[in-house]
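Peer 1: For reference, this is data_29.tsv, and it has TSV, C-alpha atoms and all ligand atoms.
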```tsv
chain	number	residue	atom	x	y	z
A	160	MET	CA	74.00	20.51	-76.63
A	161	GLY	CA	74.52	22.60	-73.49
A	162	ARG	CA	71.80	23.02	-70.93
A	163	MET	CA	69.59	25.99	-71.70
A	164	GLN	CA	67.35	27.85	-69.34
A	165	PHE	CA	64.06	29.34	-70.41
A	166	ASP	CA	64.19	32.88	-71.78
A	167	GLN	CA	61.62	34.32	-69.42
A	168	GLU	CA	61.61	37.80	-70.90
A	169	ALA	CA	60.90	36.53	-74.39
A	170	LEU	CA	58.14	34.33	-73.02
A	171	GLN	CA	56.51	37.20	-71.10
A	172	LEU	CA	56.51	39.23	-74.32
A	173	HIS	CA	54.80	36.47	-76.26
A	174	PHE	CA	52.21	35.92	-73.55
A	175	ALA	CA	51.21	39.63	-73.48
A	176	GLY	CA	47.49	40.01	-74.11
A	177	LYS	CA	46.84	36.29	-73.82
A	178	LYS	CA	44.50	34.70	-71.30
A	179	ILE	CA	46.51	31.51	-70.84
A	180	GLY	CA	49.96	32.77	-69.83
A	181	CYS	CA	48.76	36.17	-68.55
A	182	ARG	CA	51.04	35.43	-65.59
A	183	LEU	CA	54.12	33.28	-65.83
A	184	HIS	CA	55.58	31.82	-62.68
A	185	TYR	CA	58.93	30.22	-63.47
A	186	GLU	CA	61.17	28.33	-61.09
A	187	GLU	CA	64.19	26.35	-62.10
A	188	THR	CA	63.46	23.56	-59.64
A	189	VAL	CA	60.20	22.69	-57.93
A	190	ASP	CA	58.83	19.56	-56.35
A	191	SER	CA	55.77	19.62	-58.62
A	192	THR	CA	54.39	22.45	-60.76
A	193	ASN	CA	50.89	21.18	-59.92
A	194	ARG	CA	51.64	21.56	-56.21
A	195	VAL	CA	53.02	25.08	-56.72
A	196	ALA	CA	50.05	26.03	-58.91
A	197	MET	CA	47.63	24.73	-56.29
A	198	GLU	CA	49.34	26.93	-53.70
A	199	LEU	CA	49.25	30.00	-55.97
A	200	ALA	CA	45.57	29.34	-56.73
A	201	GLN	CA	44.89	29.19	-53.01
A	202	GLY	CA	46.53	32.62	-52.73
A	203	GLY	CA	44.20	34.05	-55.39
A	204	ALA	CA	46.27	33.71	-58.59
A	205	PRO	CA	44.10	34.52	-61.62
A	206	GLU	CA	42.87	32.17	-64.29
A	207	GLY	CA	45.52	31.64	-66.95
A	208	THR	CA	48.48	31.72	-64.58
A	209	VAL	CA	51.11	29.30	-65.88
A	210	VAL	CA	53.64	27.64	-63.60
A	211	LEU	CA	56.72	26.43	-65.44
A	212	ALA	CA	59.78	24.57	-64.18
A	213	ASP	CA	62.99	23.34	-65.73
A	214	ARG	CA	63.04	20.37	-63.40
A	215	GLN	CA	60.77	18.65	-60.86
A	216	THR	CA	61.97	16.67	-57.91
A	217	ALA	CA	58.60	15.05	-57.22
A	218	GLY	CA	56.67	15.25	-60.49
A	219	ARG	CA	53.27	13.67	-60.06
A	220	GLY	CA	51.50	11.35	-62.47
A	221	ARG	CA	47.98	9.95	-62.53
A	222	LEU	CA	46.99	7.12	-60.21
A	223	GLN	CA	49.71	7.92	-57.66
A	224	ARG	CA	52.49	7.43	-60.16
A	225	SER	CA	55.52	9.68	-60.43
A	226	TRP	CA	56.60	11.65	-63.51
A	227	GLN	CA	60.25	11.57	-64.49
A	228	SER	CA	61.32	15.23	-64.70
A	229	PRO	CA	65.03	15.74	-65.44
A	230	PRO	CA	66.37	19.29	-66.11
A	231	GLY	CA	67.21	20.95	-69.40
A	232	CYS	CA	65.15	18.89	-71.80
A	233	ASN	CA	61.39	18.69	-71.28
A	234	LEU	CA	58.33	20.79	-70.52
A	235	TYR	CA	56.67	20.69	-67.10
A	236	LEU	CA	53.86	23.18	-66.72
A	237	SER	CA	50.63	23.73	-64.86
A	238	ILE	CA	47.80	26.07	-65.83
A	239	ILE	CA	45.45	27.57	-63.25
A	240	LEU	CA	41.80	27.71	-64.35
A	241	ARG	CA	38.70	28.98	-62.64
A	242	PRO	CA	35.89	27.62	-64.80
A	243	ALA	CA	32.28	28.33	-63.87
A	244	ILE	CA	31.12	24.78	-64.63
A	245	PRO	CA	29.48	22.07	-62.55
A	246	PRO	CA	32.07	19.96	-60.67
A	247	ARG	CA	30.98	16.81	-62.50
A	248	ASP	CA	32.21	18.34	-65.78
A	249	ALA	CA	35.73	19.07	-64.51
A	250	SER	CA	37.14	15.87	-66.02
A	251	GLN	CA	36.17	17.16	-69.47
A	252	ILE	CA	38.94	19.71	-69.08
A	253	THR	CA	41.49	16.91	-69.06
A	254	LEU	CA	40.08	15.65	-72.37
A	255	LEU	CA	40.19	19.10	-73.93
A	256	THR	CA	43.81	19.41	-72.81
A	257	GLY	CA	44.61	16.21	-74.69
A	258	VAL	CA	43.08	17.65	-77.85
A	259	ALA	CA	44.91	20.98	-77.46
A	260	VAL	CA	48.33	19.44	-76.79
A	261	THR	CA	47.87	16.97	-79.65
A	262	GLU	CA	47.36	19.92	-81.97
A	263	ALA	CA	50.41	21.68	-80.56
A	264	ILE	CA	52.79	18.77	-81.00
A	265	SER	CA	51.31	17.86	-84.36
A	266	ALA	CA	53.13	20.99	-85.57
A	267	VAL	CA	56.39	19.06	-85.22
A	268	CYS	CA	55.01	15.53	-85.72
A	269	PRO	CA	52.16	15.96	-88.23
A	270	GLY	CA	49.62	13.16	-88.36
A	271	ARG	CA	51.46	10.96	-85.89
A	272	VAL	CA	50.07	11.96	-82.49
A	273	GLY	CA	47.11	10.06	-81.02
A	274	ILE	CA	45.18	10.24	-77.75
A	275	LYS	CA	44.61	7.28	-75.45
A	276	TRP	CA	41.75	7.71	-72.99
A	277	PRO	CA	41.63	9.68	-70.90
A	278	ASN	CA	44.57	11.80	-71.99
A	279	ASP	CA	47.85	10.08	-72.71
A	280	LEU	CA	49.39	11.33	-75.93
A	281	LEU	CA	51.11	8.66	-77.98
A	282	ILE	CA	53.45	8.66	-80.95
A	283	SER	CA	54.08	5.25	-82.54
A	284	GLY	CA	52.23	3.76	-79.57
A	285	ARG	CA	54.62	5.29	-77.04
A	286	LYS	CA	53.76	7.94	-74.50
A	287	VAL	CA	55.12	11.40	-75.26
A	288	CYS	CA	52.92	13.46	-72.93
A	289	GLY	CA	50.96	13.00	-69.72
A	290	ILE	CA	48.25	15.23	-68.30
A	291	LEU	CA	47.20	15.49	-64.67
A	292	ALA	CA	44.23	17.72	-63.81
A	293	GLU	CA	43.46	18.35	-60.17
A	294	THR	CA	40.35	20.14	-58.94
A	295	LYS	CA	40.07	22.19	-55.80
A	296	MET	CA	36.55	22.63	-54.47
A	297	ALA	CA	35.12	25.49	-52.43
A	298	LYS	CA	32.10	23.94	-50.76
A	299	ASP	CA	30.16	22.52	-53.70
A	300	VAL	CA	31.55	24.69	-56.48
A	301	ILE	CA	34.89	24.56	-58.27
A	302	ASP	CA	37.47	26.94	-56.83
A	303	SER	CA	40.14	26.05	-59.37
A	304	VAL	CA	41.31	23.36	-61.73
A	305	ILE	CA	45.04	22.82	-62.11
A	306	VAL	CA	45.99	21.33	-65.46
A	307	GLY	CA	49.45	19.78	-65.35
A	308	ILE	CA	51.20	18.89	-68.59
A	309	GLY	CA	54.43	16.90	-68.88
A	310	LEU	CA	55.80	16.78	-72.41
A	311	ASN	CA	58.90	14.80	-73.34
A	312	VAL	CA	60.68	17.14	-75.73
A	313	ASN	CA	64.44	16.54	-76.00
A	314	ILE	CA	65.02	13.65	-73.58
A	315	LYS	CA	67.01	10.81	-75.12
A	316	LYS	CA	65.86	7.22	-74.99
A	317	ALA	CA	68.88	6.22	-72.88
A	318	ASP	CA	67.91	8.80	-70.24
A	319	PHE	CA	64.43	7.42	-69.57
A	320	ASP	CA	64.10	5.33	-66.43
A	321	PRO	CA	64.56	1.71	-67.50
A	322	ALA	CA	60.96	0.99	-66.48
A	323	HIS	CA	59.65	3.42	-69.15
A	324	ARG	CA	62.32	3.08	-71.81
A	325	GLU	CA	60.26	0.90	-74.13
A	326	THR	CA	56.90	2.58	-73.53
A	327	ALA	CA	57.86	6.26	-73.47
A	328	THR	CA	59.20	8.49	-76.20
A	329	SER	CA	60.12	12.11	-76.88
A	330	LEU	CA	59.81	14.53	-79.78
A	331	LEU	CA	63.57	14.25	-80.24
A	332	GLU	CA	63.38	10.45	-80.55
A	333	GLU	CA	60.45	10.64	-82.98
A	334	THR	CA	61.79	13.37	-85.26
A	335	GLY	CA	65.55	13.00	-84.93
A	336	ARG	CA	66.10	16.61	-83.94
A	337	ASP	CA	65.94	18.96	-80.96
A	338	HIS	CA	62.91	21.19	-80.50
A	339	SER	CA	62.57	24.57	-78.82
A	340	ARG	CA	60.84	24.22	-75.47
A	341	GLU	CA	59.80	27.89	-75.64
A	342	ASP	CA	58.12	27.46	-79.01
A	343	LEU	CA	56.30	24.36	-77.80
A	344	LEU	CA	55.22	26.04	-74.57
A	345	LEU	CA	53.71	28.94	-76.51
A	346	LEU	CA	52.02	26.57	-78.93
A	347	VAL	CA	50.58	24.44	-76.13
A	348	CYS	CA	49.21	27.50	-74.33
A	349	GLU	CA	47.81	28.96	-77.53
A	350	ARG	CA	45.99	25.76	-78.54
A	351	PHE	CA	44.81	25.33	-74.97
A	352	GLU	CA	43.33	28.82	-74.96
A	353	VAL	CA	41.46	28.10	-78.20
A	354	TRP	CA	39.96	24.83	-76.93
A	355	TYR	CA	39.19	26.18	-73.49
A	356	GLU	CA	37.19	29.04	-75.06
A	357	ILE	CA	35.33	26.57	-77.28
A	358	PHE	CA	34.53	24.46	-74.22
A	359	LEU	CA	33.31	27.42	-72.14
A	360	HIS	CA	31.12	28.76	-74.96
A	361	ASP	CA	29.85	25.64	-76.68
A	362	GLY	CA	30.26	22.93	-74.06
A	363	PHE	CA	31.80	19.50	-74.36
A	364	ALA	CA	30.26	18.40	-77.71
A	365	PRO	CA	32.89	20.04	-79.98
A	366	VAL	CA	35.67	18.87	-77.66
A	367	ARG	CA	34.29	15.34	-77.87
A	368	ASP	CA	34.33	15.51	-81.67
A	369	GLY	CA	37.91	16.80	-81.58
A	370	TRP	CA	38.92	14.04	-79.19
A	371	LEU	CA	37.28	11.29	-81.28
A	372	ALA	CA	39.01	12.60	-84.42
A	373	ARG	CA	42.39	12.30	-82.70
A	374	THR	CA	42.08	9.11	-80.71
A	375	GLU	CA	44.35	6.16	-81.16
A	376	MET	CA	41.65	3.80	-79.89
A	377	ALA	CA	39.23	3.68	-82.82
A	378	GLY	CA	38.56	0.08	-83.82
A	379	LYS	CA	40.75	-1.32	-81.04
A	380	ARG	CA	40.20	-3.82	-78.26
A	381	LEU	CA	40.88	-2.46	-74.81
A	382	ARG	CA	41.67	-3.71	-71.37
A	383	VAL	CA	40.56	-1.30	-68.69
A	384	LEU	CA	41.23	-1.20	-64.99
A	385	PHE	CA	38.15	0.27	-63.32
A	386	ARG	CA	37.43	0.13	-59.57
A	387	ASP	CA	39.98	-2.67	-59.08
A	388	GLU	CA	38.31	-4.69	-61.77
A	389	VAL	CA	39.74	-5.61	-65.18
A	390	ARG	CA	37.34	-5.30	-68.09
A	391	GLU	CA	37.91	-6.07	-71.74
A	392	GLY	CA	35.98	-4.96	-74.75
A	393	ALA	CA	35.90	-3.03	-77.96
A	394	PHE	CA	36.31	0.74	-77.96
A	395	ASP	CA	32.87	2.25	-78.45
A	396	GLY	CA	33.65	5.96	-78.28
A	397	ILE	CA	33.25	8.34	-75.39
A	398	ASP	CA	29.99	9.40	-73.86
A	399	LYS	CA	28.41	12.86	-73.94
A	400	ASP	CA	30.15	13.59	-70.65
A	401	GLY	CA	33.58	12.12	-71.53
A	402	ALA	CA	33.27	8.65	-70.00
A	403	LEU	CA	34.95	5.83	-71.95
A	404	LEU	CA	32.54	3.35	-73.55
A	405	ILE	CA	33.50	-0.26	-74.11
A	406	ALA	CA	31.36	-2.98	-75.62
A	407	ASP	CA	31.62	-6.64	-74.62
A	408	GLU	CA	31.10	-9.64	-76.94
A	409	GLN	CA	27.33	-9.47	-76.43
A	410	GLY	CA	27.31	-5.80	-77.34
A	411	ALA	CA	26.61	-4.62	-73.81
A	412	VAL	CA	28.23	-1.24	-73.31
A	413	SER	CA	29.83	-0.14	-70.07
A	414	ARG	CA	30.78	3.34	-69.01
A	415	ILE	CA	34.24	3.84	-67.51
A	416	THR	CA	34.55	7.12	-65.65
A	417	ALA	CA	38.03	6.68	-64.21
A	418	GLY	CA	41.03	4.42	-64.55
A	419	ASP	CA	43.55	3.34	-67.08
A	420	ALA	CA	43.12	1.72	-70.48
A	421	THR	CA	45.51	-0.51	-72.41
A	422	ILE	CA	45.20	-0.92	-76.15
A	423	MET	CA	45.49	-4.61	-77.04
A	424	LYS	CA	47.18	-5.93	-80.15
A	501	LIG	C1	50.35	11.02	-66.20
A	501	LIG	O1	50.37	10.66	-67.39
A	501	LIG	O2	50.36	10.18	-65.29
A	501	LIG	C2	50.29	12.49	-65.89
A	501	LIG	C3	51.65	13.12	-65.83
A	501	LIG	C4	51.60	14.61	-65.56
A	501	LIG	C5	52.96	15.22	-65.39
A	501	LIG	C6	52.91	16.72	-65.30
A	501	LIG	S1	54.50	17.46	-65.33
A	501	LIG	C7	53.84	19.01	-64.89
A	501	LIG	C8	52.76	18.75	-63.86
A	501	LIG	N1	53.30	18.72	-62.50
A	501	LIG	C9	53.23	17.50	-61.97
A	501	LIG	O3	53.64	17.19	-60.84
A	501	LIG	N2	52.63	16.64	-62.84
A	501	LIG	C10	52.25	17.31	-64.05
```
Could you rewrite the structure in this file as structure tokens?
Ligand code: BTN

Peer 2:
Amino acid sequence: MGRMQFDQEALQLHFAGKKIGCRLHYEETVDSTNRVAMELAQGGAPEGTVVLADRQTAGRGRLQRSWQSPPGCNLYLSIILRPAIPPRDASQITLLTGVAVTEAISAVCPGRVGIKWPNDLLISGRKVCGILAETKMAKDVIDSVIVGIGLNVNIKKADFDPAHRETATSLLEETGRDHSREDLLLLVCERFEVWYEIFLHDGFAPVRDGWLARTEMAGKRLRVLFRDEVREGAFDGIDKDGALLIADEQGAVSRITAGDATIMK
């Protein structure tokens, strides 16, 4: 299949009247859509502005990792938000993004998408989507939250970096067919808007329920890297504020507020 660019006009039309997507900033190549979004936010861009790129030359991942971002096949987008919430709740937005994107891609992969804390989306145990939320503070209140979403849509297994080939996947690999990036973009933004509204009106509790219903971790043993320390235990849900809970052999529960979790066999 030939390389296709995004149909910006069609997208603008679909985004009319929406909150998420009210502005669409498209560039064929950027270093990182999160970086561009941060800059636009600094310049006063409104909530709901979406930055979209065909390709990133320095896509950023969590924990200082990079995000492989070749042209013509995947979705790389960042959403600018200006939530009036306490800074300590900002990380809950990354969890709600996981729920929203799971719903969106479940349209093409029903019943097969699961969330790994905090917000990796997995199909058959392989990562199909990564989420990177970055918060910009103005004194002690939130100025903006940038939600970056990288979704592997039509990338082929052979085109993944060798380091990720066995642990990453794409919608193409999982379903055996190509998917429209435009359709998925609209779906992601639509589900995001729904969950973001729920979060702003009703708080984190319904998001937490949605997350727990879609997690891949239920009943699993986990290994977690937290503050340079490795901890193992059984998944024990997430806390009222979104922290990961793991229980050790004695039943003592610890709260993990940041880091990376591995699901053990
Ligand atoms: C992760 O799982 O480590 C998070 C990956 C996030 C990648 C997306 S792609 C669009 C946005 N721009 C970036 O530079 N990163 C995020």

Peer 1: For Leu183 of chain A, list every protein, DNA or RNA residue within 8 Å, evaluated using only C-alpha atoms, and leave out those in the same chain fewer than 2 positions away; present the list as a list in words.

Peer 2: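 The residues satisfying every condition are Gln171, Gly180, Cys181, Tyr185, Thr208, Val209, Val210 and Leu211 of chain A.
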
Peer 1: Quick one: write out the picked residues with C-alpha atoms as a PDB file, keeping the file's coordinate frame?

Peer 2:
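And here's result.pdb as it stands now:
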```
ATOM      1  CA  GLN A 171      56.510  37.200 -71.100  1.00  0.00           C
ATOM      2  CA  GLY A 180      49.960  32.770 -69.830  1.00  0.00           C
ATOM      3  CA  CYS A 181      48.760  36.170 -68.550  1.00  0.00           C
ATOM      4  CA  TYR A 185      58.930  30.220 -63.470  1.00  0.00           C
ATOM      5  CA  THR A 208      48.480  31.720 -64.580  1.00  0.00           C
ATOM      6  CA  VAL A 209      51.110  29.300 -65.880  1.00  0.00           C
ATOM      7  CA  VAL A 210      53.640  27.640 -63.600  1.00  0.00           C
ATOM      8  CA  LEU A 211      56.720  26.430 -65.440  1.00  0.00           C
TER       9      LEU A 211
END
```

Peer 1: Report as a ChimeraX atom specification which protein, DNA and RNA residues come within 10 Å of ligand LIG 501 (chain A), using all atoms listed in the file.

Peer 2: /A:189-196,210-212,214-228,233-238,277-280,286-293,305-311,419

Peer 1: If we count all atoms listed in the file, what is near segment 316-324 of chain A at a cut-off of 10 Å, once residues fewer than 2 positions away on the same chain are taken out, given as a ChimeraX atom specification?

Peer 2: /A:227-229,285-286,311,313-314,326-329,331-332

Peer 1: Kindly indicate which residue among A:Val353, A:Met423, A:Phe358, A:Cys348 lies nearest to Gly378 of chain A, using all atoms listed in the file for the distances.

Peer 2: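 Going through A:Val353, A:Met423, A:Phe358, A:Cys348 one by one, the smallest distance to Gly378 of chain A is for A:Met423.
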
Peer 1: Please compute the atom CA of Glu187 of chain A-atom CA of Asp166 of chain A distance, one decimal, in Å.

Peer 2: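 These two atoms are separated by 11.7 Å.
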
Peer 1: Place a sphere of radius 10 Å on (49.9, 8.9, -80.3) in the file coordinates and name every protein, DNA or RNA residue with an atom inside or on its surface, counting all atoms listed in the file; give the answer as a PyMOL selection string.

Peer 2: chain A and resi 261+265+268+270-275+279-288+373-376

Peer 1: Find the residues around segment 392-395 of chain A up to 7 Å (only C-alpha atoms counted), leave out those fewer than 4 positions away in its own chain, and share them as JSON, numbers by chain.

Peer 2: {"A": [376, 377, 378, 379, 380, 381, 382, 404, 405, 406, 407]}

Peer 1: As a PDB file with C-alpha atoms, keeping the file's coordinate frame, please: the residues near Leu240 of chain A (cut-off 10 Å, only C-alpha atoms, same-chain neighbours under 4 positions excluded).

Peer 2:
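So selection_34.pdb came out as:
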```pdb
ATOM      1  CA  ILE A 179      46.510  31.510 -70.840  1.00  0.00           C
ATOM      2  CA  ALA A 200      45.570  29.340 -56.730  1.00  0.00           C
ATOM      3  CA  ALA A 204      46.270  33.710 -58.590  1.00  0.00           C
ATOM      4  CA  PRO A 205      44.100  34.520 -61.620  1.00  0.00           C
ATOM      5  CA  GLU A 206      42.870  32.170 -64.290  1.00  0.00           C
ATOM      6  CA  GLY A 207      45.520  31.640 -66.950  1.00  0.00           C
ATOM      7  CA  THR A 208      48.480  31.720 -64.580  1.00  0.00           C
ATOM      8  CA  VAL A 209      51.110  29.300 -65.880  1.00  0.00           C
ATOM      9  CA  ILE A 252      38.940  19.710 -69.080  1.00  0.00           C
ATOM     10  CA  THR A 294      40.350  20.140 -58.940  1.00  0.00           C
ATOM     11  CA  ILE A 301      34.890  24.560 -58.270  1.00  0.00           C
ATOM     12  CA  ASP A 302      37.470  26.940 -56.830  1.00  0.00           C
ATOM     13  CA  SER A 303      40.140  26.050 -59.370  1.00  0.00           C
ATOM     14  CA  VAL A 304      41.310  23.360 -61.730  1.00  0.00           C
ATOM     15  CA  ILE A 305      45.040  22.820 -62.110  1.00  0.00           C
ATOM     16  CA  VAL A 306      45.990  21.330 -65.460  1.00  0.00           C
ATOM     17  CA  TYR A 355      39.190  26.180 -73.490  1.00  0.00           C
TER      18      TYR A 355
END
```

Peer 1: So how far away is atom CA of Pro246 of chain A from atom CA of Val300 of chain A, in Å?

Peer 2: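 It comes out at 6.3 Å.
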
Peer 1: Identify which of the residues A:His338, A:Arg386, A:Gln251, A:Glu325 lies closest to Ala266 of chain A, counting all atoms listed in the file when measuring atom-to-atom distances.

Peer 2: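 That would be A:His338, the residue with the smallest distance to Ala266 of chain A.
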
Peer 1: Considering only C-alpha atoms, state which residue in the set A:Asp400, A:Asp337, A:Glu352, A:Glu262 is at the smallest distance from Cys232 of chain A.

Peer 2: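 Checking each of A:Asp400, A:Asp337, A:Glu352, A:Glu262 against Cys232 of chain A, counting only C-alpha atoms, the winner is A:Asp337.
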
Peer 1: In Å, rounded to a single decimal, give me how far atom CA of Leu255 of chain A is from atom CA of Val366 of chain A.

Peer 2: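 Between atom CA of Val366 of chain A and atom CA of Leu255 of chain A the gap is 5.9 Å.
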
Peer 1: Give the answer as one residue: which of A:Leu330, A:Ala411, A:Leu345, A:Leu359 has the shortest atom-to-atom distance to Lys177 of chain A, using only C-alpha atoms?

Peer 2: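 Closest to Lys177 of chain A, using only C-alpha atoms: A:Leu345.
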